[in-house]
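For reference, start_38.json (JSON, N, CA and C atoms):
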```json
[["chain", "number", "residue", "atom", "x", "y", "z"],
["A", 146, "MET", "N", 92.67, 107.05, 86.04],
["A", 146, "MET", "CA", 93.66, 106.66, 86.99],
["A", 146, "MET", "C", 94.33, 105.39, 86.48],
["A", 147, "PHE", "N", 95.62, 105.28, 86.71],
["A", 147, "PHE", "CA", 96.38, 104.11, 86.28],
["A", 147, "PHE", "C", 97.38, 103.74, 87.36],
["A", 148, "ALA", "N", 97.48, 102.45, 87.64],
["A", 148, "ALA", "CA", 98.42, 101.96, 88.64],
["A", 148, "ALA", "C", 99.30, 100.88, 88.02],
["A", 149, "ALA", "N", 100.56, 101.19, 87.81],
["A", 149, "ALA", "CA", 101.50, 100.21, 87.27],
["A", 149, "ALA", "C", 101.86, 99.18, 88.34],
["A", 150, "GLU", "N", 101.91, 99.62, 89.58],
["A", 150, "GLU", "CA", 102.23, 98.73, 90.70],
["A", 150, "GLU", "C", 100.98, 98.47, 91.53],
["A", 151, "ARG", "N", 100.86, 97.25, 92.01],
["A", 151, "ARG", "CA", 99.73, 96.88, 92.87],
["A", 151, "ARG", "C", 100.12, 97.15, 94.32],
["A", 152, "THR", "N", 99.36, 97.98, 95.00],
["A", 152, "THR", "CA", 99.61, 98.29, 96.41],
["A", 152, "THR", "C", 98.32, 98.05, 97.18],
["A", 153, "PRO", "N", 98.37, 98.02, 98.50],
["A", 153, "PRO", "CA", 97.13, 97.90, 99.27],
["A", 153, "PRO", "C", 96.14, 99.02, 98.95],
["A", 154, "THR", "N", 96.64, 100.23, 98.72],
["A", 154, "THR", "CA", 95.75, 101.34, 98.38],
["A", 154, "THR", "C", 95.09, 101.11, 97.02],
["A", 155, "THR", "N", 95.86, 100.59, 96.06],
["A", 155, "THR", "CA", 95.30, 100.28, 94.75],
["A", 155, "THR", "C", 94.14, 99.31, 94.88],
["A", 156, "ARG", "N", 94.33, 98.28, 95.64],
["A", 156, "ARG", "CA", 93.27, 97.28, 95.82],
["A", 156, "ARG", "C", 92.05, 97.88, 96.50],
["A", 157, "SER", "N", 92.27, 98.76, 97.47],
["A", 157, "SER", "CA", 91.15, 99.41, 98.16],
["A", 157, "SER", "C", 90.35, 100.28, 97.21],
["A", 158, "VAL", "N", 91.05, 101.07, 96.40],
["A", 158, "VAL", "CA", 90.37, 101.95, 95.43],
["A", 158, "VAL", "C", 89.60, 101.11, 94.42],
["A", 159, "GLU", "N", 90.19, 100.03, 93.93],
["A", 159, "GLU", "CA", 89.50, 99.17, 92.97],
["A", 159, "GLU", "C", 88.25, 98.56, 93.58],
["A", 160, "LEU", "N", 88.32, 98.17, 94.82],
["A", 160, "LEU", "CA", 87.17, 97.58, 95.49],
["A", 160, "LEU", "C", 86.04, 98.59, 95.63],
["A", 161, "VAL", "N", 86.36, 99.78, 96.10],
["A", 161, "VAL", "CA", 85.33, 100.81, 96.30],
["A", 161, "VAL", "C", 84.78, 101.30, 94.96],
["A", 162, "ALA", "N", 85.65, 101.52, 93.99],
["A", 162, "ALA", "CA", 85.23, 102.07, 92.70],
["A", 162, "ALA", "C", 84.76, 100.99, 91.72],
["A", 163, "ARG", "N", 84.96, 99.73, 92.08],
["A", 163, "ARG", "CA", 84.64, 98.61, 91.21],
["A", 163, "ARG", "C", 85.32, 98.81, 89.85],
["A", 164, "ALA", "N", 86.62, 99.04, 89.92],
["A", 164, "ALA", "CA", 87.41, 99.36, 88.73],
["A", 164, "ALA", "C", 88.68, 98.52, 88.68],
["A", 165, "ASP", "N", 89.30, 98.52, 87.52],
["A", 165, "ASP", "CA", 90.58, 97.86, 87.32],
["A", 165, "ASP", "C", 91.60, 98.94, 86.97],
["A", 166, "LEU", "N", 92.43, 99.32, 87.93],
["A", 166, "LEU", "CA", 93.36, 100.42, 87.73],
["A", 166, "LEU", "C", 94.58, 100.03, 86.92],
["A", 167, "SER", "N", 94.68, 98.76, 86.53],
["A", 167, "SER", "CA", 95.82, 98.36, 85.70],
["A", 167, "SER", "C", 95.52, 98.52, 84.21],
["A", 168, "ARG", "N", 94.26, 98.83, 83.87],
["A", 168, "ARG", "CA", 93.90, 99.05, 82.46],
["A", 168, "ARG", "C", 94.47, 100.37, 81.96],
["A", 169, "GLN", "N", 95.01, 100.36, 80.79],
["A", 169, "GLN", "CA", 95.55, 101.58, 80.18],
["A", 169, "GLN", "C", 94.43, 102.22, 79.35],
["A", 170, "THR", "N", 93.51, 102.87, 80.05],
["A", 170, "THR", "CA", 92.29, 103.38, 79.43],
["A", 170, "THR", "C", 92.52, 104.49, 78.42],
["A", 171, "TRP", "N", 93.68, 105.10, 78.41],
["A", 171, "TRP", "CA", 93.95, 106.19, 77.47],
["A", 171, "TRP", "C", 94.38, 105.68, 76.10],
["A", 172, "ARG", "N", 94.73, 104.42, 75.97],
["A", 172, "ARG", "CA", 95.25, 103.88, 74.70],
["A", 172, "ARG", "C", 94.28, 104.07, 73.52],
["A", 173, "PRO", "N", 92.99, 103.71, 73.64],
["A", 173, "PRO", "CA", 92.08, 103.92, 72.50],
["A", 173, "PRO", "C", 91.99, 105.39, 72.08],
["A", 174, "LEU", "N", 91.98, 106.30, 73.04],
["A", 174, "LEU", "CA", 91.94, 107.72, 72.72],
["A", 174, "LEU", "C", 93.22, 108.14, 72.00],
["A", 175, "ALA", "N", 94.35, 107.65, 72.44],
["A", 175, "ALA", "CA", 95.63, 107.99, 71.80],
["A", 175, "ALA", "C", 95.65, 107.52, 70.35],
["A", 176, "GLU", "N", 95.05, 106.38, 70.07],
["A", 176, "GLU", "CA", 95.04, 105.85, 68.71],
["A", 176, "GLU", "C", 94.03, 106.54, 67.81],
["A", 177, "ALA", "N", 92.98, 107.13, 68.41],
["A", 177, "ALA", "CA", 91.89, 107.71, 67.62],
["A", 177, "ALA", "C", 91.99, 109.21, 67.43],
["A", 178, "THR", "N", 92.98, 109.86, 68.02],
["A", 178, "THR", "CA", 93.08, 111.31, 67.92],
["A", 178, "THR", "C", 94.40, 111.73, 67.27],
["A", 179, "VAL", "N", 94.42, 113.00, 66.81],
["A", 179, "VAL", "CA", 95.61, 113.48, 66.12],
["A", 179, "VAL", "C", 96.59, 114.20, 67.04],
["A", 180, "ASP", "N", 96.10, 114.74, 68.13],
["A", 180, "ASP", "CA", 96.99, 115.49, 69.03],
["A", 180, "ASP", "C", 96.81, 115.05, 70.48],
["A", 181, "PHE", "N", 96.93, 113.76, 70.68],
["A", 181, "PHE", "CA", 96.71, 113.18, 72.01],
["A", 181, "PHE", "C", 97.66, 113.78, 73.04],
["A", 182, "GLU", "N", 97.11, 114.03, 74.24],
["A", 182, "GLU", "CA", 97.92, 114.53, 75.35],
["A", 182, "GLU", "C", 97.42, 113.88, 76.64],
["A", 183, "ARG", "N", 98.35, 113.42, 77.44],
["A", 183, "ARG", "CA", 98.04, 112.84, 78.75],
["A", 183, "ARG", "C", 98.82, 113.62, 79.79],
["A", 184, "VAL", "N", 98.09, 114.32, 80.66],
["A", 184, "VAL", "CA", 98.71, 115.18, 81.66],
["A", 184, "VAL", "C", 98.51, 114.57, 83.04],
["A", 185, "LEU", "N", 99.62, 114.29, 83.71],
["A", 185, "LEU", "CA", 99.53, 113.78, 85.08],
["A", 185, "LEU", "C", 99.18, 114.92, 86.02],
["A", 186, "LEU", "N", 98.25, 114.66, 86.92],
["A", 186, "LEU", "CA", 97.85, 115.66, 87.89],
["A", 186, "LEU", "C", 98.74, 115.57, 89.12],
["A", 187, "PRO", "N", 98.93, 116.69, 89.80],
["A", 187, "PRO", "CA", 99.81, 116.69, 90.98],
["A", 187, "PRO", "C", 99.13, 116.04, 92.18],
["A", 188, "ALA", "N", 99.11, 114.73, 92.17],
["A", 188, "ALA", "CA", 98.49, 113.97, 93.26],
["A", 188, "ALA", "C", 99.44, 112.85, 93.67],
["A", 189, "ASP", "N", 99.44, 112.52, 94.93],
["A", 189, "ASP", "CA", 100.31, 111.47, 95.45],
["A", 189, "ASP", "C", 99.76, 110.09, 95.07],
["A", 190, "PRO", "N", 100.47, 109.33, 94.23],
["A", 190, "PRO", "CA", 99.99, 108.00, 93.85],
["A", 190, "PRO", "C", 99.73, 107.08, 95.05],
["A", 191, "LYS", "N", 100.46, 107.29, 96.13],
["A", 191, "LYS", "CA", 100.25, 106.46, 97.31],
["A", 191, "LYS", "C", 98.89, 106.74, 97.95],
["A", 192, "ALA", "N", 98.41, 107.97, 97.84],
["A", 192, "ALA", "CA", 97.12, 108.33, 98.43],
["A", 192, "ALA", "C", 95.96, 107.83, 97.58],
["A", 193, "PHE", "N", 96.14, 107.77, 96.25],
["A", 193, "PHE", "CA", 95.05, 107.41, 95.36],
["A", 193, "PHE", "C", 95.19, 106.00, 94.80],
["A", 194, "GLY", "N", 96.30, 105.35, 95.01],
["A", 194, "GLY", "CA", 96.50, 104.00, 94.50],
["A", 194, "GLY", "C", 96.99, 103.96, 93.06],
["A", 195, "GLY", "N", 97.32, 105.10, 92.50],
["A", 195, "GLY", "CA", 97.81, 105.16, 91.12],
["A", 195, "GLY", "C", 97.98, 106.60, 90.68],
["A", 196, "GLU", "N", 98.25, 106.77, 89.39],
["A", 196, "GLU", "CA", 98.46, 108.11, 88.83],
["A", 196, "GLU", "C", 97.12, 108.70, 88.41],
["A", 197, "LEU", "N", 96.84, 109.93, 88.82],
["A", 197, "LEU", "CA", 95.67, 110.65, 88.33],
["A", 197, "LEU", "C", 96.10, 111.43, 87.10],
["A", 198, "TYR", "N", 95.28, 111.39, 86.06],
["A", 198, "TYR", "CA", 95.63, 112.09, 84.83],
["A", 198, "TYR", "C", 94.39, 112.56, 84.09],
["A", 199, "VAL", "N", 94.60, 113.48, 83.18],
["A", 199, "VAL", "CA", 93.57, 113.93, 82.24],
["A", 199, "VAL", "C", 94.11, 113.63, 80.85],
["A", 200, "ALA", "N", 93.31, 112.93, 80.06],
["A", 200, "ALA", "CA", 93.71, 112.61, 78.69],
["A", 200, "ALA", "C", 92.77, 113.32, 77.73],
["A", 201, "SER", "N", 93.34, 113.88, 76.65],
["A", 201, "SER", "CA", 92.51, 114.59, 75.68],
["A", 201, "SER", "C", 93.12, 114.46, 74.30],
["A", 202, "GLY", "N", 92.31, 114.77, 73.30],
["A", 202, "GLY", "CA", 92.77, 114.74, 71.93],
["A", 202, "GLY", "C", 91.67, 115.24, 71.01],
["A", 203, "THR", "N", 92.03, 115.55, 69.78],
["A", 203, "THR", "CA", 91.09, 116.04, 68.78],
["A", 203, "THR", "C", 90.82, 114.95, 67.76],
["A", 204, "ARG", "N", 89.54, 114.74, 67.48],
["A", 204, "ARG", "CA", 89.15, 113.76, 66.48],
["A", 204, "ARG", "C", 89.64, 114.21, 65.10],
["A", 205, "PRO", "N", 90.21, 113.31, 64.32],
["A", 205, "PRO", "CA", 90.67, 113.72, 62.99],
["A", 205, "PRO", "C", 89.48, 114.06, 62.09],
["A", 206, "PRO", "N", 89.68, 114.92, 61.10],
["A", 206, "PRO", "CA", 88.58, 115.25, 60.18],
["A", 206, "PRO", "C", 88.12, 114.02, 59.41],
["A", 207, "SER", "N", 86.84, 113.96, 59.15],
["A", 207, "SER", "CA", 86.27, 112.81, 58.43],
["A", 207, "SER", "C", 86.56, 112.85, 56.97]]
```
Here is the file; what I need is its structure written in the form of structure tokens.
Amino acid sequence: MFAAERTPTTRSVELVARADLSRQTWRPLAEATVDFERVLLPADPKAFGGELYVASGTRPPS
């Protein structure tokens, strides 16, 4: 989950989940894979406090 804007819902989710929704957690995966993909899920950011997404990629051959 990622929240570019801080809203009351964002703060509530961070408090309950003990998380920082402003972190761009997909960045290390994007840098370490060859076919990175980030797919936004059809969820209302206002309900969850940010964007829900699935990030994936394939590790490059050694």
If DSSP is run on the backbone, what residues of chain A are strand (DSSP E)? A reply as a PDB file with N, CA and C atoms, in the frame of the given file would be ideal.
```pdb
ATOM      1  N   GLU A 182      97.110 114.030  74.240  1.00  0.00           N
ATOM      2  CA  GLU A 182      97.920 114.530  75.350  1.00  0.00           C
ATOM      3  C   GLU A 182      97.420 113.880  76.640  1.00  0.00           C
ATOM      4  N   ARG A 183      98.350 113.420  77.440  1.00  0.00           N
ATOM      5  CA  ARG A 183      98.040 112.840  78.750  1.00  0.00           C
ATOM      6  C   ARG A 183      98.820 113.620  79.790  1.00  0.00           C
ATOM      7  N   VAL A 184      98.090 114.320  80.660  1.00  0.00           N
ATOM      8  CA  VAL A 184      98.710 115.180  81.660  1.00  0.00           C
ATOM      9  C   VAL A 184      98.510 114.570  83.040  1.00  0.00           C
ATOM     10  N   LEU A 185      99.620 114.290  83.710  1.00  0.00           N
ATOM     11  CA  LEU A 185      99.530 113.780  85.080  1.00  0.00           C
ATOM     12  C   LEU A 185      99.180 114.920  86.020  1.00  0.00           C
ATOM     13  N   TYR A 198      95.280 111.390  86.060  1.00  0.00           N
ATOM     14  CA  TYR A 198      95.630 112.090  84.830  1.00  0.00           C
ATOM     15  C   TYR A 198      94.390 112.560  84.090  1.00  0.00           C
ATOM     16  N   VAL A 199      94.600 113.480  83.180  1.00  0.00           N
ATOM     17  CA  VAL A 199      93.570 113.930  82.240  1.00  0.00           C
ATOM     18  C   VAL A 199      94.110 113.630  80.850  1.00  0.00           C
ATOM     19  N   ALA A 200      93.310 112.930  80.060  1.00  0.00           N
ATOM     20  CA  ALA A 200      93.710 112.610  78.690  1.00  0.00           C
ATOM     21  C   ALA A 200      92.770 113.320  77.730  1.00  0.00           C
ATOM     22  N   SER A 201      93.340 113.880  76.650  1.00  0.00           N
ATOM     23  CA  SER A 201      92.510 114.590  75.680  1.00  0.00           C
ATOM     24  C   SER A 201      93.120 114.460  74.300  1.00  0.00           C
TER      25      SER A 201
END
```
Top pick for closest residue to Tyr198 of chain A, considering A:Thr178, A:Arg168, A:Phe147, A:Thr154 and counting all atoms listed in the file: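 Using all atoms listed in the file, the shortest distance to Tyr198 of chain A belongs to A:Phe147.
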Using only N, CA and C atoms, I'd like a table of the residues in segment 176-196 of chain A that come within 7 Å of segment 204-207 of chain A; for each, show the closest atom pair and its distance in Å rounded to one decimal, ordered by chain and ascending number, as CSV.
```
residue,atom,partner,partner_atom,distance
A:Ala177,C,A:Pro205,N,5.4
A:Thr178,CA,A:Arg204,CA,4.8
A:Val179,N,A:Pro205,N,4.9
A:Asp180,N,A:Arg204,N,6.6
```
Nearest residue to Leu197 of chain A from the set A:Ala162, A:Arg156, A:Ala148, A:Gln169 (distances using only N, CA and C atoms):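 When distances to Leu197 of chain A are compared using only N, CA and C atoms, the smallest one comes from A:Ala148.
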Per-residue DSSP, chain A, filtered to helix (DSSP H, G or I), as a list of chain:residue names: A:Pro153, A:Thr154, A:Thr155, A:Arg156, A:Ser157, A:Val158, A:Glu159, A:Leu160, A:Val161, A:Ala162, A:Arg172, A:Pro173, A:Leu174, A:Ala175, A:Glu176, A:Ala177, A:Pro190, A:Lys191, A:Ala192, A:Phe193
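One distance worth recording is that between atom CA of Val199 of chain A and atom CA of Val184 of chain A, which is 5.3 Å.
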Pairwise distance for atom C of Pro153 of chain A and atom N of Leu174 of chain A, rounded to one decimal in Å: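 A separation of 27.2 Å between them.
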Computed interatomic separation between atom C of Arg183 of chain A and atom CA of Leu166 of chain A (Å):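 Between atom C of Arg183 of chain A and atom CA of Leu166 of chain A the gap is 16.3 Å.
Checking A:Ala200, A:Pro187, A:Arg163, A:Ala149 one by one against Ala175 of chain A, counting all atoms listed in the file, you find the shortest gap at A:Ala200.
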Pick from A:Glu182, A:Thr152, A:Pro173, A:Leu160, whichever lies nearest to Gly195 of chain A using all atoms listed in the file: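 Checking each candidate against Gly195 of chain A, we get A:Thr152 as the closest.
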The centre and edge lengths of an axis-aligned box containing all atoms of segment 159-173 of chain A present in the file, extended by 8 Å on each side, are to be given in Å to one decimal, as JSON.
```
{"center_x": 90.2, "center_y": 101.9, "center_z": 84.2, "size_x": 27.2, "size_y": 24.6, "size_z": 40.2}
```
Nearest-residue call for Glu150 of chain A, choices A:Phe181, A:Asp189, A:Asp165, A:Gly194, using all atoms listed in the file: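 Nearest candidate to Glu150 of chain A out of A:Phe181, A:Asp189, A:Asp165, A:Gly194: A:Gly194.
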